[in-house]
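Enquirer: Here you go, one structure.
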Amino acid sequence: MPHSLFFSSACRNLLPSRVGLRFRMPLQKLHPLSCAIHHCFSPSTNPQRPPHCSAARRFTSLSRLPIRPAKARRGGHGRQQQRNFWAARLAARLLKLRYILLGSAVGGGYTAKKTYDEWKDMLPDLSEYTWIVPDFVWELSENFDLDKLTSALPEMEEIAKILPDMEKIGENFTFLKSLLSSGEPHISVVPQDRNILVPPGLGRDAEQESDARMNGKCSEITPSLFLKVVLQKDDKGIHQRKVKKSLIDMYSEVLDILSDYDSNYNTQDHLPRVVVVGDQSAGKTSVLEMIAQARIFPRGSGEMMTRSPVKVTLSEGPHHVAMFKDSTREFDLGKEEDLAALRHEIELRMRKSVKEGQTVSAETISLNVKGPGIQRMVLVDLPGVISTVTTGMATDTKDTIFSISRAYMQNPNAIILCIQDGSVDAERSIVTDLVSQMDPHGRRTIFVLTKVDLAEKNLASPNRIQQIVEGKLFPMKALGYFAVVTGKGSSSESIESIKDYEEDFFQNSRLLRDGMLKAHQVTTKNLSLAVSDCFWKMVRESVEQQADAFKASRFNLETEWKNNYPRLRELDRNELFEKAKNEILDEVISLSQVTPKHWESILQKKLWERVSTHVIENIYLPAAQTMNSGTFNTTVDIKLKQWTDKQLPHKALEVAWETLQEEFARFMAEYKGKDQDDIFDKLKEAVKDESIKRHKWNESAMDSLRVIQHNALEDRSITDKPQWDSAIEFMEETLQSRLKDTESVIADMVGPNWKQRWMSWTNRTPEQHVRNETKNELERLLKLHDDHTAYLANDEVTTVRKNLEARGVEVDPVLIKDTWHQLYRRHFLQKSLFHCNLCRRGFYYYQRHFVDSELECNDVVLFWRIQRMLSITANTLRQQLTNTEVRRLEKNVKEVLEDFGEDSEKKVQLITGRRVQLAEDLKKVREIQEKLEAFIEALHKEK
């Protein structure tokens with residue numbers, strides 16, 4: 001390839017053949033514009049040119065575009081041909097793609113702003129890279145004499161013929177930009193000027209490249225090197241806009257999903273992670289902070305601070321920051337206030353994860369930490385192992401910690417980072433036995449001895465430290481042994497000061513000087529490198545196998561679903577909850593569409609069922625048995641007033657609230673008959689119960705209801721015959737119902753009659769026999785005294801008893817009175833029904849206030865008053881229901897659904913079954929498999 005700058009070479013090769021032909025046009029077409037440009041730059045026409053003209057000459061000689069020499073024409077125009085050839089070469093240089101900006105300025109000066117705007121948008125935005133273009137180009141453009149050039153330009157038609165296709169050149173510029181971004185081709189470069197190809201801040205490799213170019217050697221500059229220069233120049237712009245996730249972040253996402261999917265870490269989850277275990281106060285947190293290069297964990301003097309597993313994803317980044325998995329807040333670890341806020345947030349999350357009555361929790365807290373020089377890995381900090389449960393801890397704390405630790409360590413690909421306190425006797429360690437049980441061969445264990453400075457100071461024999469780090473003191477085995485120092489014990493120490501103290505200690509320590517410790521075994525920096533290398537080695541060895549395992553699991557789950565639920569969609573628990581939520585809300589809306597007539601009918605019926613016993617037994621019967629019209633009305637009025645003031649309004653509100661509950665439950669149950677999924681039954685029942693529990697009936701309207709009921713009962717004016725007939729019908733139904741109940745009670749008292757005894761072969765009991773004989777004796781008394789009062793006199797009781805004893809029946813006086821009560825009740829109700837039938841024709845006399853002892857229908861008026869009170873009360877309660885209570889219940893239902901939606905444990909309890917679990921597993925396994933495959937692809941690219 002001929003020597004040229006890389007832009008010139010690349011762009012010339014990218015131009016299509018038809019564009020190239022335009023540069024090879026007959027020289028007569030190039031001549032007018034080239035002469036005009038030559039006139040602008042020529043010393044003879046511009047004797048007072050600016051001092052940058054030397055730069056302009058250098059500018060025109062940067063590259064030489066090979067142009068086919070024109071053949072000499074017949075007729076002896078040699079000198080004219082040479083002049084045209086020189087002008088064509090000058091025009092070709094200036095019209096090269098590298099200087100298209102200058103050409104556009106020239107063309108725009110003549111064709112005005114409209115033409116410029118048409119093709120300007122097709123060019124890439126190079127404003128961020130102005131530092132690449134030499135300074136003299138901009139100086140040249142600033143001193144360019146546009147007026148002189150314009151006056152020397154030929155006509156527009158001639159210029160249009162020689163101008164290149166701007167649209168095509170814009171497309172090629174875009175292609176060139178994408179080519180540079182791809183990083184695939186290598187472009188040959190021959191340097192012409194060090195200042196052009198070596199922008200400031202390129203680095204050592206670029207300086208060597210520049211030196212080679214200055215020596216006239218041909219070098220290779222790849223587009224990736226060019227992009228590296230750009231990123232170095234704008235590391236806070238383009239670099240921050242990069243949205244591609246890092247490798248460790250992709251891996252961490254997989255672990256987060258697995259943590260949610262399988263909290264017990266059973267055999268399905270064998271993905272590597274670094275599990276940090278150790279005795280309480282052994283220095284686990286300090287080691288983690290040294291690896292993360294920030295004091296990110298809460299601290300306490302001897303108190304258990306790590307109450308739940310904390311998964312920390314470490315990765316390298318330009319800024320030292322931390323962020324929780326479920327939060328968008330970014331903590332700047334270079335600021336003390338952000339560090340304090342982060343520690344406080346971790347402590348709050350730990351305490352929130354611990355259930356009431358417990359000390360530790362298995363719920364994982366996920367945290368991402370990025371910063372310069374941080375080794376990429378995923379660590380899980382576990383609660384410290386304890387030997388004794390102290391006051392204030394749950395009794396099962398020790399067992400819970402052991403259970404959590406075993407669950408993480410039993411993963412065959414988990415790397416166990418065993419932390420041992422070097423300042424205490426090794427025999428006091430508990431965690432080493434636990435680790436040796438989980439990894440007896442030490443194939444995935446790294447042992448770390450902390451507080452070596454205190455150990456060296458306090459131990460009489462340093463050889464004991466050597467025995468520990470050589471694995472000769474403990475029965476457990478490990479891949480590697482490390483000794484670290486994590487500060488002087490002060491929580492206010494910075495990471496930098498701890499690093500300096502650690503390095504100074506080991507440089508001056510006789511442990512290292514005497515060869516008891518190897519140089520690669522000391523400092524947290526070496527530990528971090530070793531753990532990271534081990535982690536990634538384990539990841540590369542196991543991740544594809546785990547992806548295959550999840551692929552097989554997915555196939556098995558999909559097969560089970562197709563066989564068991566072929567016509568159902570695979571809805572997970574959250575999707576099912578949303579579906580159930582919509583159904584419940586539809587049912588609540590249906591509740592608000594109940595007709596007023598339906599509400600009033602139900603309320604009136606239920607209210608009468610609730611108060612009918614009181615009305616008959618405590619108001620009607622005591623008043624009716626007086627046998628006097630004036631006494632009847634007085635008794636009724638007094639008892640109605642007492643009833644209205646104390647009991648009736650409360651009973652009415654109770655009935656209304658129960659009616660609302662029953663209607664709500666009815667709608668929830670009726671919806672089942674449609675397309676109801678029985679998988680929602682538990683959820684709907686829980687929503688119904690919780691909504692009703694939260695609903696508090698508004699009793700502020702009780703006083704107004706009392707007044708309404710009192711006024712209704714005071715009214716005795718029956719205005720028309722239909723009202724009278726309705727009251728008689730109401731009274732007749734009530735009395736017949738009571739008579740039926742009374743006869744049933746008497747039948748139970750006396751036992752089966754002769755027909756029942758003959759048909760069913762049953763006999764009376766001795767008590768029933770006595771009751772039957774007593775009944776017969778009392779019935780004879782009633783026949784003799786049809787207008788007998790409600791109570792038996794003592795002499796009458798004695799007479800009945802003696803008559804029975806004469807027939808050989810021993811009877812108690814209490815039994816006689818009890819039997820009399822039921823018999824008289826039946827007798828009175830029969831007479832009342834007969835009187836009610838007579839009153840059907842009594843409305844005429846009632847309306848004219850005639851006095852007729854045979855047709856005094858005061859009892860009909862009473863029942864009309866009761867009936868009207870029931871109707872008005874039902875109407876009032878219906879208005880309160882539809883206007884207030886139903887809406888408040890709807891609001892409660894929505895609040896309950898929102899609370900249940902945020903409570904994952906509640907959803908697990910209420911939406912259960914193999915179908916739900918299968919859909920959940922399918923969703924998670926698919927998600928895990930896809931993310932694992934994406935991670936494996938990125939991992940292969942990194943290799």
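We name chains A, B, ... following the order of the structure tokens; residues begin at 1 in each chain, and ligands are numbered from 1 as shown.
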If DSSP is run on the backbone, what residues of stretch 666-715 of chain A are helix (DSSP H, G or I)? A reply as an NGL selection string would be ideal.
Expert: :A and (666-673 or 678-694 or 699-714)
Enquirer: Stretch 710-717 of chain A: which residues within 9 Å, counting only C-alpha atoms, same-chain residues fewer than 3 positions away excluded, as a short mmCIF file (atom, residue, chain, number, x, y, z; two decimals) with N, CA and C atoms, in the first residue's frame?
Expert:
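Once written, part-v1.cif looks like this:
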```
data_model
loop_
_atom_site.label_atom_id
_atom_site.label_comp_id
_atom_site.auth_asym_id
_atom_site.auth_seq_id
_atom_site.Cartn_x
_atom_site.Cartn_y
_atom_site.Cartn_z
N ASP A 637 -97.05 0.43 74.76
CA ASP A 637 -96.31 1.68 74.60
C ASP A 637 -95.09 1.74 75.52
N LEU A 640 -92.45 -0.84 74.28
CA LEU A 640 -91.83 -0.40 73.02
C LEU A 640 -90.83 0.74 73.25
N LYS A 641 -91.19 1.67 74.16
CA LYS A 641 -90.29 2.78 74.46
C LYS A 641 -88.99 2.26 75.10
N THR A 644 -86.93 0.49 72.37
CA THR A 644 -86.31 1.41 71.40
C THR A 644 -85.13 2.15 72.01
N ASP A 645 -85.23 2.51 73.25
CA ASP A 645 -84.15 3.29 73.88
C ASP A 645 -82.89 2.45 74.13
N LEU A 705 -80.88 6.84 64.05
CA LEU A 705 -81.67 5.62 63.83
C LEU A 705 -82.65 5.40 64.98
N ARG A 706 -82.25 5.67 66.19
CA ARG A 706 -83.14 5.52 67.35
C ARG A 706 -84.36 6.44 67.22
N VAL A 707 -84.15 7.65 66.81
CA VAL A 707 -85.25 8.60 66.64
C VAL A 707 -86.19 8.12 65.55
N GLN A 847 -111.26 2.54 61.26
CA GLN A 847 -111.12 3.82 60.58
C GLN A 847 -112.10 4.85 61.14
N VAL A 861 -103.02 -3.49 65.17
CA VAL A 861 -102.32 -2.20 65.10
C VAL A 861 -100.88 -2.35 65.60
N LEU A 862 -100.69 -3.13 66.65
CA LEU A 862 -99.33 -3.36 67.16
C LEU A 862 -98.44 -3.99 66.08
N TRP A 864 -98.91 -3.87 62.93
CA TRP A 864 -98.65 -2.91 61.85
C TRP A 864 -97.54 -1.95 62.24
N ARG A 865 -97.53 -1.51 63.49
CA ARG A 865 -96.46 -0.62 63.97
C ARG A 865 -95.09 -1.31 63.89
N ILE A 866 -95.06 -2.57 64.29
CA ILE A 866 -93.79 -3.33 64.21
C ILE A 866 -93.36 -3.48 62.75
N ARG A 868 -94.08 -1.61 60.15
CA ARG A 868 -93.64 -0.32 59.59
C ARG A 868 -92.27 0.06 60.13
N MET A 869 -92.03 -0.20 61.41
CA MET A 869 -90.71 0.08 61.97
C MET A 869 -89.63 -0.76 61.27
N LEU A 870 -89.93 -2.02 60.99
CA LEU A 870 -88.97 -2.88 60.29
C LEU A 870 -88.66 -2.33 58.89
N ILE A 872 -88.99 0.85 57.74
CA ILE A 872 -88.23 2.11 57.80
C ILE A 872 -86.79 1.86 58.26
N THR A 873 -86.61 0.98 59.22
CA THR A 873 -85.25 0.65 59.68
C THR A 873 -84.44 0.01 58.56
#
```
Enquirer: Pick out the residues sitting within 12 Å of A:Tyr791, and hand them over as a list of chain:residue names; count only C-alpha atoms, and ignore anything fewer than 4 positions along from it in its own chain.
Expert: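 Using only C-alpha atoms, the neighbours found are A:Pro622, A:Gln625, A:Thr626, A:Leu782, A:Asp787, A:Asp795, A:Glu796, A:Val797, A:Ile816, A:Lys817, A:Asp818, A:Thr819, A:Trp820, A:His821, A:Gln822, A:Leu823, A:Tyr824, A:Arg825.
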Enquirer: Output the selection as a short mmCIF file (atom, residue, chain, number, x, y, z; two decimals), in the first residue's frame - all heavy atoms for each residue.
Expert:
```cif
data_model
loop_
_atom_site.label_atom_id
_atom_site.label_comp_id
_atom_site.auth_asym_id
_atom_site.auth_seq_id
_atom_site.Cartn_x
_atom_site.Cartn_y
_atom_site.Cartn_z
N PRO A 622 -97.42 -10.51 77.08
CA PRO A 622 -97.79 -9.90 78.38
C PRO A 622 -98.91 -8.87 78.24
O PRO A 622 -99.77 -8.77 79.12
CB PRO A 622 -96.48 -9.24 78.81
CG PRO A 622 -95.43 -10.02 78.13
CD PRO A 622 -96.01 -10.39 76.80
N GLN A 625 -102.44 -10.71 77.24
CA GLN A 625 -103.03 -11.56 78.27
C GLN A 625 -103.69 -10.74 79.40
O GLN A 625 -104.25 -11.32 80.33
CB GLN A 625 -101.94 -12.48 78.85
CG GLN A 625 -101.50 -13.54 77.86
CD GLN A 625 -100.29 -14.33 78.34
OE1 GLN A 625 -99.82 -14.12 79.46
NE2 GLN A 625 -99.81 -15.21 77.48
N THR A 626 -103.64 -9.42 79.30
CA THR A 626 -104.32 -8.58 80.29
C THR A 626 -105.82 -8.56 80.10
O THR A 626 -106.57 -8.17 81.00
CB THR A 626 -103.77 -7.14 80.23
OG1 THR A 626 -104.02 -6.61 78.94
CG2 THR A 626 -102.30 -7.11 80.57
N LEU A 782 -108.73 -26.35 81.16
CA LEU A 782 -108.90 -25.29 80.17
C LEU A 782 -110.27 -25.36 79.50
O LEU A 782 -110.86 -24.33 79.14
CB LEU A 782 -107.79 -25.37 79.11
CG LEU A 782 -106.44 -24.71 79.46
CD1 LEU A 782 -105.42 -25.00 78.39
CD2 LEU A 782 -106.61 -23.22 79.63
N ASP A 787 -111.60 -18.84 79.50
CA ASP A 787 -110.98 -17.51 79.69
C ASP A 787 -110.03 -17.50 80.88
O ASP A 787 -109.84 -16.47 81.52
CB ASP A 787 -112.07 -16.46 79.89
CG ASP A 787 -112.93 -16.28 78.66
OD1 ASP A 787 -112.41 -16.53 77.55
OD2 ASP A 787 -114.10 -15.90 78.79
N ASP A 795 -104.20 -23.37 94.63
CA ASP A 795 -105.20 -24.40 94.90
C ASP A 795 -105.48 -25.24 93.66
O ASP A 795 -105.73 -26.43 93.73
CB ASP A 795 -106.50 -23.76 95.42
CG ASP A 795 -107.05 -22.73 94.46
OD1 ASP A 795 -106.27 -22.26 93.58
OD2 ASP A 795 -108.23 -22.38 94.55
N GLU A 796 -105.36 -24.59 92.47
CA GLU A 796 -105.52 -25.34 91.23
C GLU A 796 -104.38 -26.34 91.03
O GLU A 796 -104.61 -27.47 90.56
CB GLU A 796 -105.61 -24.38 90.05
CG GLU A 796 -106.90 -23.56 90.04
CD GLU A 796 -106.92 -22.54 88.91
OE1 GLU A 796 -105.83 -21.99 88.58
OE2 GLU A 796 -108.00 -22.29 88.35
N VAL A 797 -103.20 -25.95 91.39
CA VAL A 797 -102.05 -26.85 91.29
C VAL A 797 -102.26 -28.05 92.21
O VAL A 797 -102.00 -29.22 91.86
CB VAL A 797 -100.74 -26.11 91.64
CG1 VAL A 797 -99.58 -27.08 91.70
CG2 VAL A 797 -100.47 -25.02 90.62
N ILE A 816 -96.00 -29.38 86.86
CA ILE A 816 -97.37 -29.00 86.52
C ILE A 816 -97.38 -27.58 85.93
O ILE A 816 -98.02 -27.33 84.89
CB ILE A 816 -98.26 -29.09 87.76
CG1 ILE A 816 -98.36 -30.56 88.22
CG2 ILE A 816 -99.65 -28.53 87.49
CD1 ILE A 816 -99.09 -30.74 89.55
N LYS A 817 -96.69 -26.65 86.58
CA LYS A 817 -96.68 -25.26 86.09
C LYS A 817 -95.98 -25.16 84.74
O LYS A 817 -96.43 -24.40 83.86
CB LYS A 817 -95.98 -24.38 87.11
CG LYS A 817 -96.75 -24.20 88.41
CD LYS A 817 -96.00 -23.29 89.38
CE LYS A 817 -96.80 -23.11 90.68
NZ LYS A 817 -96.09 -22.23 91.63
N ASP A 818 -94.91 -25.90 84.55
CA ASP A 818 -94.18 -25.86 83.28
C ASP A 818 -95.06 -26.38 82.15
O ASP A 818 -95.11 -25.80 81.05
CB ASP A 818 -92.90 -26.68 83.41
CG ASP A 818 -92.04 -26.56 82.17
OD1 ASP A 818 -91.96 -25.44 81.60
OD2 ASP A 818 -91.42 -27.55 81.75
N THR A 819 -95.78 -27.45 82.41
CA THR A 819 -96.67 -28.01 81.38
C THR A 819 -97.83 -27.06 81.11
O THR A 819 -98.26 -26.88 79.95
CB THR A 819 -97.20 -29.37 81.83
OG1 THR A 819 -96.11 -30.22 82.19
CG2 THR A 819 -98.02 -30.03 80.75
N TRP A 820 -98.34 -26.45 82.16
CA TRP A 820 -99.41 -25.46 81.99
C TRP A 820 -98.99 -24.29 81.10
O TRP A 820 -99.77 -23.82 80.27
CB TRP A 820 -99.86 -24.94 83.36
CG TRP A 820 -100.77 -23.74 83.29
CD1 TRP A 820 -100.42 -22.45 83.49
CD2 TRP A 820 -102.14 -23.73 82.96
NE1 TRP A 820 -101.49 -21.61 83.33
CE2 TRP A 820 -102.58 -22.38 82.99
CE3 TRP A 820 -103.07 -24.76 82.63
CZ2 TRP A 820 -103.90 -22.01 82.72
CZ3 TRP A 820 -104.39 -24.37 82.37
CH2 TRP A 820 -104.77 -23.01 82.40
N HIS A 821 -97.76 -23.84 81.26
CA HIS A 821 -97.28 -22.69 80.46
C HIS A 821 -97.36 -23.00 78.98
O HIS A 821 -97.84 -22.16 78.19
CB HIS A 821 -95.85 -22.35 80.88
CG HIS A 821 -95.23 -21.28 80.05
ND1 HIS A 821 -95.59 -19.94 80.13
CD2 HIS A 821 -94.26 -21.33 79.06
CE1 HIS A 821 -94.89 -19.23 79.28
NE2 HIS A 821 -94.08 -20.06 78.61
N GLN A 822 -96.94 -24.15 78.57
CA GLN A 822 -96.96 -24.50 77.15
C GLN A 822 -98.39 -24.73 76.65
O GLN A 822 -98.74 -24.31 75.55
CB GLN A 822 -96.12 -25.77 76.91
CG GLN A 822 -94.65 -25.60 77.24
CD GLN A 822 -93.99 -24.50 76.39
OE1 GLN A 822 -94.39 -24.28 75.24
NE2 GLN A 822 -92.99 -23.83 76.96
N LEU A 823 -99.21 -25.36 77.49
CA LEU A 823 -100.59 -25.60 77.09
C LEU A 823 -101.38 -24.29 76.97
O LEU A 823 -102.15 -24.10 76.02
CB LEU A 823 -101.28 -26.54 78.08
CG LEU A 823 -100.80 -27.99 78.08
CD1 LEU A 823 -101.47 -28.77 79.20
CD2 LEU A 823 -101.06 -28.65 76.74
N TYR A 824 -101.20 -23.42 77.94
CA TYR A 824 -101.91 -22.14 77.87
C TYR A 824 -101.41 -21.33 76.68
O TYR A 824 -102.20 -20.64 76.03
CB TYR A 824 -101.72 -21.37 79.17
CG TYR A 824 -102.45 -20.04 79.16
CD1 TYR A 824 -103.82 -19.98 79.45
CD2 TYR A 824 -101.78 -18.85 78.83
CE1 TYR A 824 -104.51 -18.78 79.42
CE2 TYR A 824 -102.47 -17.64 78.80
CZ TYR A 824 -103.82 -17.61 79.09
OH TYR A 824 -104.50 -16.41 79.05
N ARG A 825 -100.14 -21.39 76.42
CA ARG A 825 -99.56 -20.65 75.28
C ARG A 825 -100.21 -21.12 73.98
O ARG A 825 -100.60 -20.30 73.13
CB ARG A 825 -98.05 -20.87 75.23
CG ARG A 825 -97.31 -20.13 74.13
CD ARG A 825 -95.85 -20.55 74.12
NE ARG A 825 -95.11 -19.89 73.09
CZ ARG A 825 -94.50 -18.73 73.19
NH1 ARG A 825 -94.56 -18.09 74.36
NH2 ARG A 825 -93.84 -18.20 72.21
#
```
Enquirer: Residues near A:Arg428, anyone? I mean within 10 Å using only C-alpha atoms, not counting same-chain ones fewer than 4 positions away, as a list in words.
Expert: Asp279, Ser387, Asp421, Val424 and Thr432 of chain A
Enquirer: Out of A:Arg771, A:Arg610, A:Ala652, A:Ser429, which residue has the shortest atom-to-atom distance to A:Val745 when counting only C-alpha atoms?
Expert: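 Answer, going by the shortest atom-to-atom distance: A:Arg771.
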Enquirer: Hey, what's within 12 Å of A:Asp586 if we count only C-alpha atoms and toss same-chain stuff fewer than 5 positions away? As a list in words, please?
Expert: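 Answer for this query is Lys579, Ala580, Lys581, Leu591, Ser592, Gln593, Phe664, Phe667, Met668, Tyr671, Glu890, Val893 and Lys894 of chain A.
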Enquirer: How would the residues just picked look written out with all heavy atoms as a short mmCIF file (atom, residue, chain, number, x, y, z; two decimals), in the first residue's frame?
Expert:
```cif
data_model
loop_
_atom_site.label_atom_id
_atom_site.label_comp_id
_atom_site.auth_asym_id
_atom_site.auth_seq_id
_atom_site.Cartn_x
_atom_site.Cartn_y
_atom_site.Cartn_z
N LYS A 579 -54.06 -12.46 39.23
CA LYS A 579 -55.32 -12.93 38.67
C LYS A 579 -56.40 -13.01 39.75
O LYS A 579 -57.53 -12.55 39.54
CB LYS A 579 -55.11 -14.30 38.03
CG LYS A 579 -56.34 -14.86 37.36
CD LYS A 579 -56.06 -16.21 36.73
CE LYS A 579 -57.33 -16.78 36.08
NZ LYS A 579 -57.08 -18.12 35.50
N ALA A 580 -56.05 -13.57 40.90
CA ALA A 580 -57.00 -13.65 42.00
C ALA A 580 -57.39 -12.27 42.49
O ALA A 580 -58.56 -12.02 42.84
CB ALA A 580 -56.41 -14.47 43.14
N LYS A 581 -56.45 -11.37 42.51
CA LYS A 581 -56.73 -10.00 42.95
C LYS A 581 -57.78 -9.35 42.06
O LYS A 581 -58.72 -8.71 42.55
CB LYS A 581 -55.43 -9.19 42.91
CG LYS A 581 -55.57 -7.74 43.31
CD LYS A 581 -54.22 -7.05 43.24
CE LYS A 581 -54.35 -5.56 43.55
NZ LYS A 581 -53.04 -4.87 43.47
N LEU A 591 -70.72 -6.34 44.64
CA LEU A 591 -71.41 -6.07 45.90
C LEU A 591 -72.05 -4.68 45.89
O LEU A 591 -73.13 -4.48 46.43
CB LEU A 591 -70.43 -6.19 47.06
CG LEU A 591 -71.00 -6.03 48.47
CD1 LEU A 591 -71.99 -7.14 48.77
CD2 LEU A 591 -69.89 -6.03 49.50
N SER A 592 -71.38 -3.72 45.29
CA SER A 592 -71.93 -2.37 45.23
C SER A 592 -73.08 -2.24 44.24
O SER A 592 -73.77 -1.23 44.20
CB SER A 592 -70.82 -1.37 44.85
OG SER A 592 -70.33 -1.64 43.55
N GLN A 593 -73.29 -3.29 43.42
CA GLN A 593 -74.36 -3.24 42.42
C GLN A 593 -75.63 -3.97 42.88
O GLN A 593 -76.56 -4.14 42.11
CB GLN A 593 -73.86 -3.87 41.11
CG GLN A 593 -72.71 -3.08 40.48
CD GLN A 593 -72.12 -3.77 39.28
OE1 GLN A 593 -72.43 -4.93 38.99
NE2 GLN A 593 -71.26 -3.08 38.54
N PHE A 664 -71.20 -10.27 51.23
CA PHE A 664 -69.82 -10.30 50.72
C PHE A 664 -69.35 -11.74 50.55
O PHE A 664 -68.77 -12.12 49.52
CB PHE A 664 -68.92 -9.53 51.69
CG PHE A 664 -67.48 -9.47 51.28
CD1 PHE A 664 -67.11 -9.26 49.96
CD2 PHE A 664 -66.47 -9.63 52.21
CE1 PHE A 664 -65.79 -9.20 49.58
CE2 PHE A 664 -65.14 -9.58 51.85
CZ PHE A 664 -64.79 -9.37 50.53
N PHE A 667 -71.11 -13.42 47.53
CA PHE A 667 -70.55 -13.07 46.23
C PHE A 667 -69.21 -13.78 46.01
O PHE A 667 -68.91 -14.21 44.91
CB PHE A 667 -70.37 -11.55 46.13
CG PHE A 667 -71.58 -10.84 45.64
CD1 PHE A 667 -72.46 -10.22 46.53
CD2 PHE A 667 -71.88 -10.80 44.29
CE1 PHE A 667 -73.59 -9.57 46.09
CE2 PHE A 667 -73.02 -10.14 43.83
CZ PHE A 667 -73.88 -9.53 44.73
N MET A 668 -68.41 -13.88 47.06
CA MET A 668 -67.13 -14.57 46.93
C MET A 668 -67.35 -16.05 46.60
O MET A 668 -66.58 -16.65 45.83
CB MET A 668 -66.34 -14.45 48.23
CG MET A 668 -65.98 -13.02 48.60
SD MET A 668 -64.55 -12.38 47.73
CE MET A 668 -63.24 -13.10 48.68
N TYR A 671 -68.92 -16.71 42.88
CA TYR A 671 -67.99 -16.56 41.75
C TYR A 671 -67.30 -17.88 41.43
O TYR A 671 -66.80 -18.10 40.34
CB TYR A 671 -66.94 -15.49 42.09
CG TYR A 671 -66.40 -14.78 40.88
CD1 TYR A 671 -67.01 -13.64 40.38
CD2 TYR A 671 -65.27 -15.26 40.23
CE1 TYR A 671 -66.51 -12.98 39.28
CE2 TYR A 671 -64.77 -14.62 39.12
CZ TYR A 671 -65.38 -13.48 38.65
OH TYR A 671 -64.89 -12.84 37.55
N GLU A 890 -64.85 -2.01 50.41
CA GLU A 890 -64.04 -2.08 49.18
C GLU A 890 -62.63 -1.56 49.44
O GLU A 890 -61.63 -2.16 48.99
CB GLU A 890 -64.71 -1.27 48.08
CG GLU A 890 -65.99 -1.86 47.54
CD GLU A 890 -66.61 -0.98 46.47
OE1 GLU A 890 -65.96 0.01 46.07
OE2 GLU A 890 -67.72 -1.28 46.04
N VAL A 893 -60.68 -4.10 51.38
CA VAL A 893 -60.27 -5.22 50.53
C VAL A 893 -59.04 -4.85 49.71
O VAL A 893 -58.08 -5.63 49.60
CB VAL A 893 -61.43 -5.65 49.60
CG1 VAL A 893 -60.95 -6.65 48.57
CG2 VAL A 893 -62.56 -6.25 50.42
N LYS A 894 -59.02 -3.65 49.15
CA LYS A 894 -57.87 -3.21 48.36
C LYS A 894 -56.62 -3.12 49.24
O LYS A 894 -55.52 -3.51 48.82
CB LYS A 894 -58.17 -1.87 47.71
CG LYS A 894 -59.24 -1.94 46.63
CD LYS A 894 -59.55 -0.57 46.05
CE LYS A 894 -60.65 -0.64 45.01
NZ LYS A 894 -61.00 0.69 44.46
#
```
Enquirer: Work out how far apart atom CA of A:Glu617 and atom CA of A:Ser832 are and give it in Å to one decimal.
Expert: 14.1 Å
Enquirer: Out of A:Ile248, A:Leu367, A:Ala547, A:Val611, which residue has the shortest atom-to-atom distance to A:Glu942 when counting only C-alpha atoms?
Expert: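 Closest to A:Glu942 of all the choices is A:Ile248.
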Enquirer: Name all residues at most 12 Å from A:Pro462 (count only C-alpha atoms; drop same-chain ones fewer than 3 positions away) and give them as an MDAnalysis selection string.
Expert: chainID A and resid 422:423 452:459 465:469 509:512 514:517
Enquirer: Could you check the closest approach to A:Leu778 for each of A:Asn763, A:Thr388, A:Gln375, A:Asn803 and tell me which residue wins, using only C-alpha atoms?
Expert: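 Looking at the shortest contact to A:Leu778, the residue is A:Asn803.
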Enquirer: Go through stretch 344-451 of chain A residue by residue and, counting only C-alpha atoms, keep those with an atom at most 8 Å from stretch 483-502 of chain A; for each kept residue give the shortest atom pair and its distance in Å to one decimal, ordered by chain and increasing number, as a Markdown table.
Expert:
```
| residue | atom | partner | partner_atom | distance |
| --- | --- | --- | --- | --- |
| A:Val448 | CA | A:Ala483 | CA | 5.8 |
| A:Leu449 | CA | A:Ala483 | CA | 4.7 |
| A:Thr450 | CA | A:Val484 | CA | 5.1 |
| A:Lys451 | CA | A:Val485 | CA | 5.1 |
```
Enquirer: Name the closest residue to A:Asn368 among the candidates A:His320, A:Lys605, A:Lys335, A:Arg826; distances are taken between atoms, counting only C-alpha atoms.
Expert: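 Result for the nearest residue to A:Asn368: A:His320.
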Enquirer: Between atom CA of A:His788 and atom CA of A:Leu815, measure the distance and give it in Å to one decimal.
Expert: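 Between these atoms lies a distance of 19.0 Å.
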Enquirer: Within 9 Å of A:Leu881, counting only C-alpha atoms, which residues show up once you throw out same-chain ones fewer than 5 positions away? Write them as an MDAnalysis selection string, please.
Expert: chainID A and resid 599 656:657 660 876 886:887
Enquirer: With only C-alpha atoms as the basis for distance, which of A:Leu683, A:Ile911, A:Met305, A:Leu379 is at the shortest distance from A:Arg351?
Expert: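 The answer is A:Met305, which sits nearest to A:Arg351.
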Enquirer: What does the distance from atom CA of A:His598 to atom CA of A:Met702 come to in Å, to one decimal?
Expert: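 Separation of atom CA of A:His598 and atom CA of A:Met702: 22.5 Å.
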